[in-house]
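Asker: This is upload_25.txt (compact mmCIF, C-alpha atoms).
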```
# COMPACT_ATOMS: atom_id res chain seq x y z
CA MET A 228 80.75 134.43 80.71
CA THR A 229 81.44 131.29 82.69
CA SER A 230 82.81 128.43 80.60
CA PRO A 231 80.83 125.20 81.00
CA ILE A 232 82.34 121.80 81.76
CA SER A 233 83.43 120.20 78.49
CA VAL A 234 81.75 116.81 78.04
CA PRO A 235 83.64 114.64 75.51
CA LEU A 236 81.34 113.48 72.74
CA ILE A 237 81.05 110.12 70.99
CA ASP A 238 79.31 109.07 67.78
CA THR A 239 77.33 106.09 69.05
CA GLU A 240 73.66 106.64 69.79
CA PRO A 241 71.74 106.84 72.05
CA VAL A 242 74.55 107.73 74.47
CA ALA A 243 75.77 110.42 72.05
CA SER A 244 72.51 112.34 72.49
CA VAL A 245 72.81 112.28 76.28
CA LEU A 246 76.36 113.62 76.15
CA ARG A 247 75.31 116.38 73.75
CA ILE A 248 72.61 117.73 76.06
CA LEU A 249 75.03 117.65 79.01
CA ASN A 250 77.18 120.17 77.14
CA LEU A 251 75.66 123.41 78.39
CA SER A 252 75.86 126.72 76.53
CA PRO A 253 77.17 129.84 78.33
CA LEU A 254 74.67 132.69 78.58
CA ASP A 255 76.08 135.02 81.23
CA GLU A 256 78.28 134.94 84.31
CA ASP A 257 77.33 131.67 86.07
CA VAL A 258 74.28 131.27 83.80
CA PHE A 259 73.85 128.60 81.13
CA THR A 260 71.21 127.37 78.72
CA ALA A 261 70.29 123.70 78.40
CA GLN A 262 68.23 121.55 76.10
CA SER A 263 66.27 118.36 76.68
CA LEU A 264 66.17 114.93 75.17
CA PRO A 265 62.88 113.97 73.47
CA GLN A 266 60.44 112.79 76.11
CA VAL A 267 56.93 111.42 76.09
CA ARG A 268 55.42 114.19 78.23
CA ARG A 269 57.80 116.20 80.45
CA VAL A 270 61.47 116.82 81.03
CA TYR A 271 63.15 113.81 82.67
CA GLY A 272 64.18 114.73 86.22
CA GLY A 273 67.52 112.95 86.14
CA GLN A 274 68.51 115.00 83.12
CA VAL A 275 67.97 118.30 84.98
CA VAL A 276 69.87 117.01 88.03
CA ALA A 277 72.86 116.10 85.84
CA GLN A 278 72.79 119.43 84.00
CA ALA A 279 72.49 121.41 87.25
CA LEU A 280 75.40 119.47 88.75
CA LEU A 281 77.61 120.29 85.76
CA ALA A 282 76.54 123.93 85.85
CA ALA A 283 77.53 124.15 89.52
CA ALA A 284 80.85 122.40 88.85
CA ALA A 285 81.70 124.95 86.17
CA THR A 286 81.74 127.69 88.84
CA VAL A 287 84.09 125.90 91.26
CA PRO A 288 87.58 127.43 90.82
CA ASP A 289 89.41 124.33 92.05
CA GLN A 290 88.52 121.59 89.57
CA ASN A 291 90.00 119.02 91.99
CA ARG A 292 86.94 119.63 94.13
CA LEU A 293 84.27 117.14 93.10
CA PRO A 294 80.57 116.99 94.06
CA HIS A 295 80.02 114.80 97.10
CA SER A 296 76.36 115.62 97.79
CA LEU A 297 73.30 117.26 96.26
CA HIS A 298 69.81 118.04 97.54
CA SER A 299 67.20 118.98 94.97
CA TYR A 300 63.50 119.73 94.47
CA PHE A 301 61.45 119.24 91.32
CA LEU A 302 59.10 122.22 91.41
CA ARG A 303 57.24 121.93 88.10
CA GLY A 304 57.21 119.64 85.11
CA GLY A 305 59.37 121.12 82.37
CA ASN A 306 58.50 121.23 78.68
CA PRO A 307 61.06 119.10 76.79
CA ASP A 308 60.49 121.12 73.61
CA GLU A 309 61.69 124.37 75.20
CA VAL A 310 65.22 125.50 76.10
CA PHE A 311 65.67 126.31 79.78
CA GLU A 312 68.07 128.45 81.79
CA VAL A 313 70.34 127.15 84.56
CA SER A 314 71.73 129.76 86.94
CA VAL A 315 74.26 129.18 89.72
CA GLU A 316 74.76 131.13 92.95
CA ARG A 317 78.19 130.83 94.58
CA LEU A 318 77.31 130.37 98.24
CA ARG A 319 80.76 129.64 99.67
CA ASP A 320 84.31 128.58 98.83
CA GLY A 321 85.94 127.46 102.07
CA ARG A 322 89.25 125.79 102.80
CA SER A 323 87.79 122.30 102.24
CA PHE A 324 84.33 122.69 100.73
CA SER A 325 82.52 124.71 98.06
CA ASN A 326 78.75 125.15 98.09
CA ARG A 327 76.46 126.17 95.23
CA ARG A 328 72.76 126.84 94.72
CA VAL A 329 71.33 126.09 91.27
CA VAL A 330 67.96 127.08 89.80
CA ALA A 331 66.54 125.94 86.46
CA ARG A 332 63.89 128.11 84.78
CA GLN A 333 61.70 127.99 81.72
CA GLY A 334 60.59 131.52 81.03
CA GLU A 335 59.61 133.05 84.37
CA ARG A 336 58.83 129.68 85.94
CA GLU A 337 61.26 127.90 88.23
CA ILE A 338 61.11 124.19 87.49
CA PHE A 339 63.96 122.90 89.68
CA SER A 340 66.27 123.94 92.51
CA MET A 341 69.34 122.30 94.03
CA ILE A 342 72.08 122.89 96.59
CA THR A 343 75.27 120.92 96.10
CA SER A 344 78.61 120.64 97.87
CA PHE A 345 82.12 119.99 96.51
CA GLN A 346 85.26 118.70 98.22
CA ALA A 347 88.76 117.70 97.14
CA THR A 348 89.88 114.13 97.80
CA GLU A 349 90.98 113.80 101.40
CA ASP A 350 92.57 110.97 103.41
CA GLY A 351 91.06 109.98 106.74
CA LEU A 352 89.04 107.38 108.62
CA SER A 353 87.54 104.68 106.44
CA PHE A 354 84.63 102.22 106.52
CA ALA A 355 82.39 100.95 103.75
CA SER A 356 79.44 98.58 103.47
CA VAL A 357 79.66 95.51 101.23
CA ALA A 358 77.41 94.78 98.27
CA PRO A 359 74.94 91.90 98.65
CA GLU A 360 75.54 88.65 96.80
CA VAL A 361 73.26 88.63 93.75
CA ALA A 362 73.26 87.20 90.24
CA GLY A 363 75.63 89.00 87.88
CA PRO A 364 74.48 90.98 84.85
CA GLU A 365 75.61 88.27 82.44
CA GLU A 366 73.06 85.92 84.05
CA LEU A 367 70.10 88.32 83.70
CA SER A 368 67.80 89.49 80.92
CA SER A 369 68.18 92.96 79.45
CA ALA A 370 65.27 95.39 79.51
CA LEU A 371 66.32 96.43 76.00
CA GLU A 372 65.27 93.01 74.68
CA LEU A 373 61.85 93.46 76.26
CA PHE A 374 61.40 97.01 74.94
CA ARG A 375 62.24 95.93 71.41
CA THR A 376 59.64 93.15 71.43
CA MET A 377 56.82 95.24 72.93
CA ASP A 378 54.01 95.91 70.48
CA HIS A 379 53.66 99.48 71.69
CA PRO A 380 55.24 102.75 70.51
CA VAL A 381 56.60 103.67 73.95
CA GLY A 382 58.35 100.32 74.31
CA LYS A 383 59.87 100.75 70.87
CA PHE A 384 60.85 104.34 71.75
CA LEU A 385 62.68 103.18 74.88
CA GLY A 386 64.38 100.37 72.99
CA LYS A 387 65.93 102.96 70.69
CA THR A 388 66.55 105.85 73.10
CA ALA A 389 67.46 104.28 76.48
CA ALA A 390 71.14 105.10 77.05
CA PHE A 391 71.62 102.45 79.74
CA ASP A 392 71.15 98.69 79.74
CA VAL A 393 69.04 97.70 82.77
CA ARG A 394 68.98 94.15 84.15
CA HIS A 395 66.74 93.37 87.12
CA VAL A 396 67.68 90.65 89.59
CA GLN A 397 63.99 90.23 90.44
CA SER A 398 61.27 90.44 87.80
CA SER A 399 61.08 93.80 86.05
CA LEU A 400 57.99 95.97 86.41
CA TYR A 401 57.67 96.93 82.75
CA THR A 402 54.85 94.54 81.91
CA GLY A 403 53.45 93.41 85.24
CA ALA A 404 53.57 93.68 89.03
CA ASP A 405 55.77 91.65 91.37
CA PRO A 406 53.47 89.20 93.21
CA SER A 407 55.89 89.02 96.14
CA ARG A 408 55.26 92.72 96.94
CA SER A 409 58.79 93.00 98.23
CA GLY A 410 60.04 96.44 99.19
CA ASP A 411 63.56 95.66 98.00
CA GLN A 412 65.07 95.20 94.58
CA GLN A 413 68.47 94.89 92.96
CA LEU A 414 69.39 95.64 89.38
CA TRP A 415 72.47 96.21 87.27
CA MET A 416 72.93 99.13 84.89
CA LYS A 417 75.63 99.95 82.36
CA ILE A 418 75.92 102.69 79.79
CA ARG A 419 75.36 101.25 76.30
CA SER A 420 78.48 102.87 74.78
CA ASP A 421 81.57 103.69 76.81
CA VAL A 422 82.36 107.35 77.40
CA ALA A 423 85.82 108.55 76.40
CA SER A 424 88.82 107.87 78.62
CA ASP A 425 89.43 111.61 79.09
CA THR A 426 85.91 112.23 80.42
CA PRO A 427 86.17 114.29 83.65
CA GLN A 428 85.16 112.54 86.87
CA VAL A 429 82.44 115.14 87.46
CA VAL A 430 80.79 113.98 84.21
CA HIS A 431 80.85 110.35 85.39
CA ARG A 432 79.07 111.49 88.56
CA ALA A 433 76.59 113.55 86.57
CA LEU A 434 75.77 110.53 84.38
CA LEU A 435 75.12 108.43 87.49
CA ALA A 436 72.80 111.17 88.78
CA TYR A 437 71.15 111.19 85.34
CA VAL A 438 70.29 107.50 85.31
CA ILE A 439 69.49 106.71 88.93
CA ASP A 440 66.31 108.81 88.88
CA GLN A 441 64.64 106.35 86.52
CA VAL A 442 64.72 103.48 89.04
CA MET A 443 64.43 105.24 92.41
CA LEU A 444 60.69 104.69 92.92
CA GLU A 445 60.49 101.15 91.51
CA PRO A 446 60.75 99.57 95.01
CA ALA A 447 57.65 101.57 95.99
CA LEU A 448 55.73 100.27 92.96
CA ARG A 449 56.91 96.75 93.74
CA SER A 450 55.86 96.93 97.40
CA VAL A 451 52.21 97.84 96.67
CA GLY A 452 51.67 95.55 93.68
CA LEU A 453 51.94 98.16 90.91
CA SER A 454 53.81 98.14 87.62
CA TRP A 455 54.59 100.67 84.91
CA LEU A 456 51.51 99.31 83.11
CA THR A 457 49.07 99.91 85.97
CA PRO A 458 46.06 101.81 84.54
CA GLY A 459 45.82 105.33 85.95
CA LEU A 460 49.33 105.31 87.43
CA SER A 461 50.74 108.81 88.01
CA LEU A 462 54.29 109.01 89.29
CA ALA A 463 56.60 112.01 89.65
CA SER A 464 59.78 112.80 91.58
CA LEU A 465 59.32 115.48 94.25
CA ASP A 466 62.79 115.73 95.74
CA HIS A 467 66.08 113.90 95.30
CA ALA A 468 69.23 113.73 97.40
CA MET A 469 72.46 112.01 96.49
CA TRP A 470 75.87 111.39 98.05
CA PHE A 471 79.01 110.32 96.17
CA HIS A 472 81.41 108.28 98.29
CA THR A 473 84.24 107.73 95.82
CA ASN A 474 85.03 107.98 92.13
CA VAL A 475 82.51 106.61 89.63
CA ASN A 476 83.32 104.74 86.43
CA ILE A 477 80.10 104.97 84.44
CA ASN A 478 81.50 102.45 81.93
CA ASP A 479 81.26 99.70 84.60
CA TRP A 480 78.32 97.46 85.36
CA LEU A 481 76.94 99.13 88.52
CA LEU A 482 74.70 97.40 91.08
CA PHE A 483 71.71 99.43 92.34
CA CYS A 484 70.12 98.16 95.58
CA GLY A 485 66.76 99.86 96.14
CA HIS A 486 64.50 99.92 99.21
CA VAL A 487 61.15 101.51 99.95
CA ASP A 488 60.79 103.25 103.32
CA SER A 489 57.11 104.20 103.15
CA VAL A 490 54.11 104.59 100.86
CA GLY A 491 51.16 106.73 101.92
CA GLY A 492 49.36 110.03 101.51
CA GLY A 493 49.91 110.01 97.77
CA ARG A 494 53.69 109.87 98.28
CA ALA A 495 56.43 107.26 98.43
CA LYS A 496 59.92 107.48 99.97
CA ALA A 497 62.72 105.24 98.65
CA ARG A 498 66.50 105.00 98.76
CA ALA A 499 69.24 103.23 96.84
CA GLU A 500 72.85 102.23 97.29
CA VAL A 501 75.11 101.93 94.25
CA TYR A 502 78.10 99.55 94.17
CA ASN A 503 80.91 99.11 91.66
CA PRO A 504 81.84 95.66 90.26
CA ASP A 505 84.24 95.11 93.20
CA GLY A 506 81.35 95.45 95.65
CA GLN A 507 82.46 98.85 96.95
CA PRO A 508 79.81 101.54 97.60
CA ILE A 509 80.19 104.51 95.28
CA ALA A 510 76.97 106.45 95.89
CA THR A 511 73.74 106.60 97.88
CA ALA A 512 70.48 108.30 96.91
CA SER A 513 67.17 109.08 98.58
CA GLN A 514 63.98 110.29 96.93
CA GLU A 515 60.36 111.11 97.69
CA GLY A 516 57.86 111.00 94.87
CA MET A 517 54.18 111.44 94.17
CA ILE A 518 52.44 108.11 93.57
CA ARG A 519 48.75 107.98 92.66
CA VAL A 520 46.42 105.58 90.89
CA ALA A 521 43.32 107.09 89.34
CA ASN A 522 40.03 105.21 89.31
CA PRO A 523 40.23 103.06 86.16
CA ASP A 524 36.48 103.64 85.65
CA HIS A 525 37.37 107.25 84.84
CA GLY A 526 39.33 106.07 81.84
CA ALA A 527 42.72 107.29 83.03
CA ASN A 528 45.79 105.63 81.59
CA SER A 529 49.31 105.48 82.94
CA ARG A 530 50.97 108.89 82.49
CA TRP A 531 54.13 106.97 81.69
CA GLY A 532 52.70 106.04 78.33
CA PHE A 533 52.86 102.24 78.34
CA ASN A 534 49.09 101.90 78.06
CA SER A 535 47.26 102.02 74.76
```
Can I see the file as structure tokens?
Answerer:
Amino acid sequence: MTSPISVPLIDTEPVASVLRILNLSPLDEDVFTAQSLPQVRRVYGGQVVAQALLAAAATVPDQNRLPHSLHSYFLRGGNPDEVFEVSVERLRDGRSFSNRRVVARQGEREIFSMITSFQATEDGLSFASVAPEVAGPEELSSALELFRTMDHPVGKFLGKTAAFDVRHVQSSLYTGADPSRSGDQQLWMKIRSDVASDTPQVVHRALLAYVIDQVMLEPALRSVGLSWLTPGLSLASLDHAMWFHTNVNINDWLLFCGHVDSVGGGRAKARAEVYNPDGQPIATASQEGMIRVANPDHGANSRWGFNS
């Protein structure tokens, strides 16, 4: 059986729970089982991306080769109460790159697929964009404070279980829309408890993939005057691509700069750049998602659970 990547554990919740579910269990050669965190309705997409990335990394013989890109599709909503299987196909191990295909299944149903590529650190030509000048995290309000004061079970659930502190530069979308209808947003995120110093770099990258999914489509909501409280809102990730430009320190405050490219046809396309505290780009992501608003006269509530 293939040995999974060892994710160092900590005792402090809620980060401890995230690290536990990133520790996969070996089932067969290049096959693992994975569990889910408690969710309101379906398996969180970022969780499956992170688990699939770690499953793929476990099959790369040269552990100096780190993931530099991934391209994934969310095929079906997974049941968070059921264990699922993550299988890896070794596509290629070349002189510079390794490529893997990963499929996650619950029973006979494929719920997720991904192709990812690995490369060892290499010197060469260099250029990098610079982070925009925005207010720092110490100047901004934490979403955790808002969640804890919400008189709603989902808000209280997020206040206890959210593993990352989120601080929006613009107004957040948790309780209302942005009247500016801007297609851009910036926010800071930091893990609520530091991971151990011996945590492998691939785990840092997996944790970034884990958390970025939760904010990818916010610029789309912002641009069309929606919020997480919009009655009848239905939102789901369809595909997700990500590129890692350099090493990630998930213990840092990271700046996420999001942009919406288009909204239409029941879909939205958005992208995000991630910068470290020194203003250096560490990752880029792109995602298309389903975005629909049911007729409120039909009595539909937000599938994200903020509505009573």
Asker: Compile the contact shell of Pro307 of chain A as a list in words: residues with an atom at most 12 Å away, counting only C-alpha atoms, same-chain residues fewer than 2 positions apart removed.
Answerer: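 My reading of the contact set: Ile248, Ala261, Gln262, Ser263, Leu264, Pro265, Gln266, Val267, Arg268, Arg269, Val270, Tyr271, Gly272, Gln274, Val275, Gly304, Gly305, Glu309, Val310, Phe311, Gln333 and Ile338 of chain A.
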Asker: When you count all atoms listed in the file, which of these residues is closest to Ser230 of chain A: A:Asp466, A:Asp440, A:Glu256, A:Asp505?
Answerer: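 Using all atoms listed in the file, the shortest distance to Ser230 of chain A belongs to A:Glu256.
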Asker: Calculate how many Å separate atom CA of Ala347 of chain A from atom CA of Asn291 of chain A, rounding to one decimal.
Answerer: 5.5 Å
Asker: Find the distance between atom CA of Leu249 of chain A and atom CA of Gln278 of chain A and write it in Å to one decimal.
Answerer: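 These atoms are spaced 5.8 Å apart.
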Asker: Which residue, A:Ala510, A:Val429, A:Ala499, A:Ala404, has the smallest gap to Pro458 of chain A when you use only C-alpha atoms?
Answerer: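 Checking each of A:Ala510, A:Val429, A:Ala499, A:Ala404 against Pro458 of chain A, counting only C-alpha atoms, the winner is A:Ala404.
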Asker: For a quick check of your reading of the model, name the residues lying within 12 Å of the coordinate (80.6, 98.4, 103.0), counting only C-alpha atoms, and write them as JSON, numbers by chain.
Answerer: {"A": [353, 354, 355, 356, 357, 358, 359, 472, 500, 501, 502, 503, 505, 506, 507, 508, 509, 510, 511]}
Asker: Between A:Leu444, A:Met517, A:Ala497, A:Ala277, which one has atoms that come closest to Leu462 of chain A, using only C-alpha atoms?
Answerer: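 Between A:Leu444, A:Met517, A:Ala497, A:Ala277, the residue approaching Leu462 of chain A most closely is A:Met517.
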Asker: How many Å lie between atom CA of Ala243 of chain A and atom CA of Leu434 of chain A, rounded to one decimal?
Answerer: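 Between atom CA of Ala243 of chain A and atom CA of Leu434 of chain A the gap is 12.3 Å.
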Asker: Neighbourhood query: residues within 9 Å of (85.4, 109.7, 97.3), file coordinates, counting all atoms listed in the file; return as a PyMOL selection string.
Answerer: chain A and resi 293+295+347-349+471-475+509
Asker: Using only C-alpha atoms, which of the listed residues (A:Ser252, A:Ser368, A:Gln428, A:Gln441) sits closest to Ser399 of chain A?
Answerer: A:Ser368
Asker: Pick from A:Leu302, A:Ala463, A:Leu246, A:Cys484: nearest to Gln514 of chain A, with only C-alpha atoms counted?
Answerer: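 Using only C-alpha atoms, the shortest distance to Gln514 of chain A belongs to A:Ala463.
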Asker: Give me, as a PyMOL selection string, all polymer residues having an atom no more than 12 Å from Arg394 of chain A, counting only C-alpha atoms and skipping those fewer than 2 positions away in the same chain.
Answerer: chain A and resi 361-373+391-392+396-401+412-418+442+480-483
Asker: Using C-alpha atoms, can you export the residues from the last selection as a CSV table (one decimal), in the frame of the given file?
Answerer:
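What landed in part-v6.csv:
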```csv
chain,number,residue,atom,x,y,z
A,361,VAL,CA,73.3,88.6,93.8
A,362,ALA,CA,73.3,87.2,90.2
A,363,GLY,CA,75.6,89.0,87.9
A,364,PRO,CA,74.5,91.0,84.8
A,365,GLU,CA,75.6,88.3,82.4
A,366,GLU,CA,73.1,85.9,84.0
A,367,LEU,CA,70.1,88.3,83.7
A,368,SER,CA,67.8,89.5,80.9
A,369,SER,CA,68.2,93.0,79.4
A,370,ALA,CA,65.3,95.4,79.5
A,371,LEU,CA,66.3,96.4,76.0
A,372,GLU,CA,65.3,93.0,74.7
A,373,LEU,CA,61.8,93.5,76.3
A,391,PHE,CA,71.6,102.4,79.7
A,392,ASP,CA,71.2,98.7,79.7
A,396,VAL,CA,67.7,90.6,89.6
A,397,GLN,CA,64.0,90.2,90.4
A,398,SER,CA,61.3,90.4,87.8
A,399,SER,CA,61.1,93.8,86.0
A,400,LEU,CA,58.0,96.0,86.4
A,401,TYR,CA,57.7,96.9,82.8
A,412,GLN,CA,65.1,95.2,94.6
A,413,GLN,CA,68.5,94.9,93.0
A,414,LEU,CA,69.4,95.6,89.4
A,415,TRP,CA,72.5,96.2,87.3
A,416,MET,CA,72.9,99.1,84.9
A,417,LYS,CA,75.6,100.0,82.4
A,418,ILE,CA,75.9,102.7,79.8
A,442,VAL,CA,64.7,103.5,89.0
A,480,TRP,CA,78.3,97.5,85.4
A,481,LEU,CA,76.9,99.1,88.5
A,482,LEU,CA,74.7,97.4,91.1
A,483,PHE,CA,71.7,99.4,92.3
```
Asker: Choose the residue, out of A:Gly403, A:Gly334, A:Pro427, A:Gly273, that has the smallest atom-to-atom separation from Arg449 of chain A; count all atoms listed in the file.
Answerer: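 Among the listed residues, A:Gly403 lies closest to Arg449 of chain A.
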Asker: Show which residues sit within 7 Å of segment 430-433 of chain A, as JSON, numbers by chain. Count only C-alpha atoms, and ignore same-chain residues fewer than 5 positions away.
Answerer: {"A": [234, 277, 280, 281, 475, 476, 477]}
Asker: Fewer than 4 positions away in the same chain doesn't count, so skip those; otherwise give me all residues within 7 Å of Met469 of chain A, counting only C-alpha atoms, as a list in words.
Answerer: Ser296, Leu297, His298, Thr511, Ala512 and Ser513 of chain A
Asker: Which residues come within 8 Å of Ala521 of chain A, counting all atoms listed in the file, excluding same-chain residues fewer than 6 positions away, as number ranges by chain?
Answerer: A: 458-461, 527
Asker: Restricting it to C-alpha atoms, dump the selection as a PDB file, in the coordinates of the input.
Answerer:
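File out.pdb, as written:
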```pdb
ATOM      1  CA  PRO A 458      46.060 101.810  84.540  1.00  0.00           C
ATOM      2  CA  GLY A 459      45.820 105.330  85.950  1.00  0.00           C
ATOM      3  CA  LEU A 460      49.330 105.310  87.430  1.00  0.00           C
ATOM      4  CA  SER A 461      50.740 108.810  88.010  1.00  0.00           C
ATOM      5  CA  ALA A 527      42.720 107.290  83.030  1.00  0.00           C
TER       6      ALA A 527
END
```
Asker: How about completing segment 417-445 of chain A with N, CA and C atoms and giving it to me as a PDB file, keeping the file's coordinate frame?
Answerer:
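Saved as part12.pdb:
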```pdb
ATOM      1  N   LYS A 417      74.386  99.592  83.027  1.00  0.00           N
ATOM      2  CA  LYS A 417      75.630  99.950  82.360  1.00  0.00           C
ATOM      3  C   LYS A 417      75.312 100.818  81.156  1.00  0.00           C
ATOM      4  N   ILE A 418      76.119 101.832  80.943  1.00  0.00           N
ATOM      5  CA  ILE A 418      75.920 102.690  79.790  1.00  0.00           C
ATOM      6  C   ILE A 418      76.147 101.859  78.524  1.00  0.00           C
ATOM      7  N   ARG A 419      75.353 102.114  77.483  1.00  0.00           N
ATOM      8  CA  ARG A 419      75.360 101.250  76.300  1.00  0.00           C
ATOM      9  C   ARG A 419      76.585 101.468  75.416  1.00  0.00           C
ATOM     10  N   SER A 420      77.230 102.605  75.498  1.00  0.00           N
ATOM     11  CA  SER A 420      78.480 102.870  74.780  1.00  0.00           C
ATOM     12  C   SER A 420      79.413 103.575  75.753  1.00  0.00           C
ATOM     13  N   ASP A 421      80.632 103.117  75.852  1.00  0.00           N
ATOM     14  CA  ASP A 421      81.570 103.690  76.810  1.00  0.00           C
ATOM     15  C   ASP A 421      81.843 105.162  76.510  1.00  0.00           C
ATOM     16  N   VAL A 422      81.925 105.961  77.572  1.00  0.00           N
ATOM     17  CA  VAL A 422      82.360 107.350  77.400  1.00  0.00           C
ATOM     18  C   VAL A 422      83.872 107.361  77.242  1.00  0.00           C
ATOM     19  N   ALA A 423      84.396 108.451  76.713  1.00  0.00           N
ATOM     20  CA  ALA A 423      85.820 108.550  76.400  1.00  0.00           C
ATOM     21  C   ALA A 423      86.676 108.490  77.657  1.00  0.00           C
ATOM     22  N   SER A 424      87.912 108.035  77.485  1.00  0.00           N
ATOM     23  CA  SER A 424      88.820 107.870  78.620  1.00  0.00           C
ATOM     24  C   SER A 424      89.189 109.197  79.273  1.00  0.00           C
ATOM     25  N   ASP A 425      89.084 110.307  78.526  1.00  0.00           N
ATOM     26  CA  ASP A 425      89.430 111.610  79.090  1.00  0.00           C
ATOM     27  C   ASP A 425      88.217 112.335  79.674  1.00  0.00           C
ATOM     28  N   THR A 426      87.110 111.618  79.855  1.00  0.00           N
ATOM     29  CA  THR A 426      85.910 112.230  80.420  1.00  0.00           C
ATOM     30  C   THR A 426      86.158 112.616  81.878  1.00  0.00           C
ATOM     31  N   PRO A 427      85.918 113.867  82.269  1.00  0.00           N
ATOM     32  CA  PRO A 427      86.170 114.290  83.650  1.00  0.00           C
ATOM     33  C   PRO A 427      85.329 113.490  84.645  1.00  0.00           C
ATOM     34  N   GLN A 428      85.868 113.301  85.847  1.00  0.00           N
ATOM     35  CA  GLN A 428      85.160 112.540  86.870  1.00  0.00           C
ATOM     36  C   GLN A 428      83.808 113.177  87.198  1.00  0.00           C
ATOM     37  N   VAL A 429      83.710 114.504  87.157  1.00  0.00           N
ATOM     38  CA  VAL A 429      82.440 115.140  87.460  1.00  0.00           C
ATOM     39  C   VAL A 429      81.359 114.726  86.455  1.00  0.00           C
ATOM     40  N   VAL A 430      81.754 114.433  85.214  1.00  0.00           N
ATOM     41  CA  VAL A 430      80.790 113.980  84.210  1.00  0.00           C
ATOM     42  C   VAL A 430      80.333 112.561  84.521  1.00  0.00           C
ATOM     43  N   HIS A 431      81.245 111.699  84.966  1.00  0.00           N
ATOM     44  CA  HIS A 431      80.850 110.350  85.390  1.00  0.00           C
ATOM     45  C   HIS A 431      79.804 110.443  86.508  1.00  0.00           C
ATOM     46  N   ARG A 432      80.028 111.338  87.453  1.00  0.00           N
ATOM     47  CA  ARG A 432      79.070 111.490  88.560  1.00  0.00           C
ATOM     48  C   ARG A 432      77.746 112.062  88.072  1.00  0.00           C
ATOM     49  N   ALA A 433      77.815 112.983  87.132  1.00  0.00           N
ATOM     50  CA  ALA A 433      76.590 113.550  86.570  1.00  0.00           C
ATOM     51  C   ALA A 433      75.790 112.474  85.820  1.00  0.00           C
ATOM     52  N   LEU A 434      76.472 111.593  85.100  1.00  0.00           N
ATOM     53  CA  LEU A 434      75.770 110.530  84.380  1.00  0.00           C
ATOM     54  C   LEU A 434      75.122 109.543  85.345  1.00  0.00           C
ATOM     55  N   LEU A 435      75.757 109.287  86.486  1.00  0.00           N
ATOM     56  CA  LEU A 435      75.120 108.430  87.490  1.00  0.00           C
ATOM     57  C   LEU A 435      73.880 109.115  88.051  1.00  0.00           C
ATOM     58  N   ALA A 436      73.973 110.431  88.315  1.00  0.00           N
ATOM     59  CA  ALA A 436      72.800 111.170  88.780  1.00  0.00           C
ATOM     60  C   ALA A 436      71.707 111.170  87.717  1.00  0.00           C
ATOM     61  N   TYR A 437      72.112 111.225  86.453  1.00  0.00           N
ATOM     62  CA  TYR A 437      71.150 111.190  85.340  1.00  0.00           C
ATOM     63  C   TYR A 437      70.339 109.901  85.367  1.00  0.00           C
ATOM     64  N   VAL A 438      70.991 108.767  85.512  1.00  0.00           N
ATOM     65  CA  VAL A 438      70.290 107.500  85.310  1.00  0.00           C
ATOM     66  C   VAL A 438      69.582 106.984  86.554  1.00  0.00           C
ATOM     67  N   ILE A 439      70.061 107.331  87.738  1.00  0.00           N
ATOM     68  CA  ILE A 439      69.490 106.710  88.930  1.00  0.00           C
ATOM     69  C   ILE A 439      68.041 107.144  89.164  1.00  0.00           C
ATOM     70  N   ASP A 440      67.682 108.317  88.675  1.00  0.00           N
ATOM     71  CA  ASP A 440      66.310 108.810  88.880  1.00  0.00           C
ATOM     72  C   ASP A 440      65.272 107.880  88.260  1.00  0.00           C
ATOM     73  N   GLN A 441      65.634 107.160  87.196  1.00  0.00           N
ATOM     74  CA  GLN A 441      64.640 106.350  86.520  1.00  0.00           C
ATOM     75  C   GLN A 441      64.251 105.095  87.288  1.00  0.00           C
ATOM     76  N   VAL A 442      65.044 104.705  88.296  1.00  0.00           N
ATOM     77  CA  VAL A 442      64.720 103.480  89.040  1.00  0.00           C
ATOM     78  C   VAL A 442      64.456 103.729  90.522  1.00  0.00           C
ATOM     79  N   MET A 443      64.523 104.974  90.978  1.00  0.00           N
ATOM     80  CA  MET A 443      64.430 105.240  92.410  1.00  0.00           C
ATOM     81  C   MET A 443      63.110 104.784  93.017  1.00  0.00           C
ATOM     82  N   LEU A 444      61.992 104.983  92.324  1.00  0.00           N
ATOM     83  CA  LEU A 444      60.690 104.690  92.920  1.00  0.00           C
ATOM     84  C   LEU A 444      60.165 103.298  92.564  1.00  0.00           C
ATOM     85  N   GLU A 445      60.950 102.512  91.840  1.00  0.00           N
ATOM     86  CA  GLU A 445      60.490 101.150  91.510  1.00  0.00           C
ATOM     87  C   GLU A 445      60.234 100.291  92.756  1.00  0.00           C
TER      88      GLU A 445
END
```
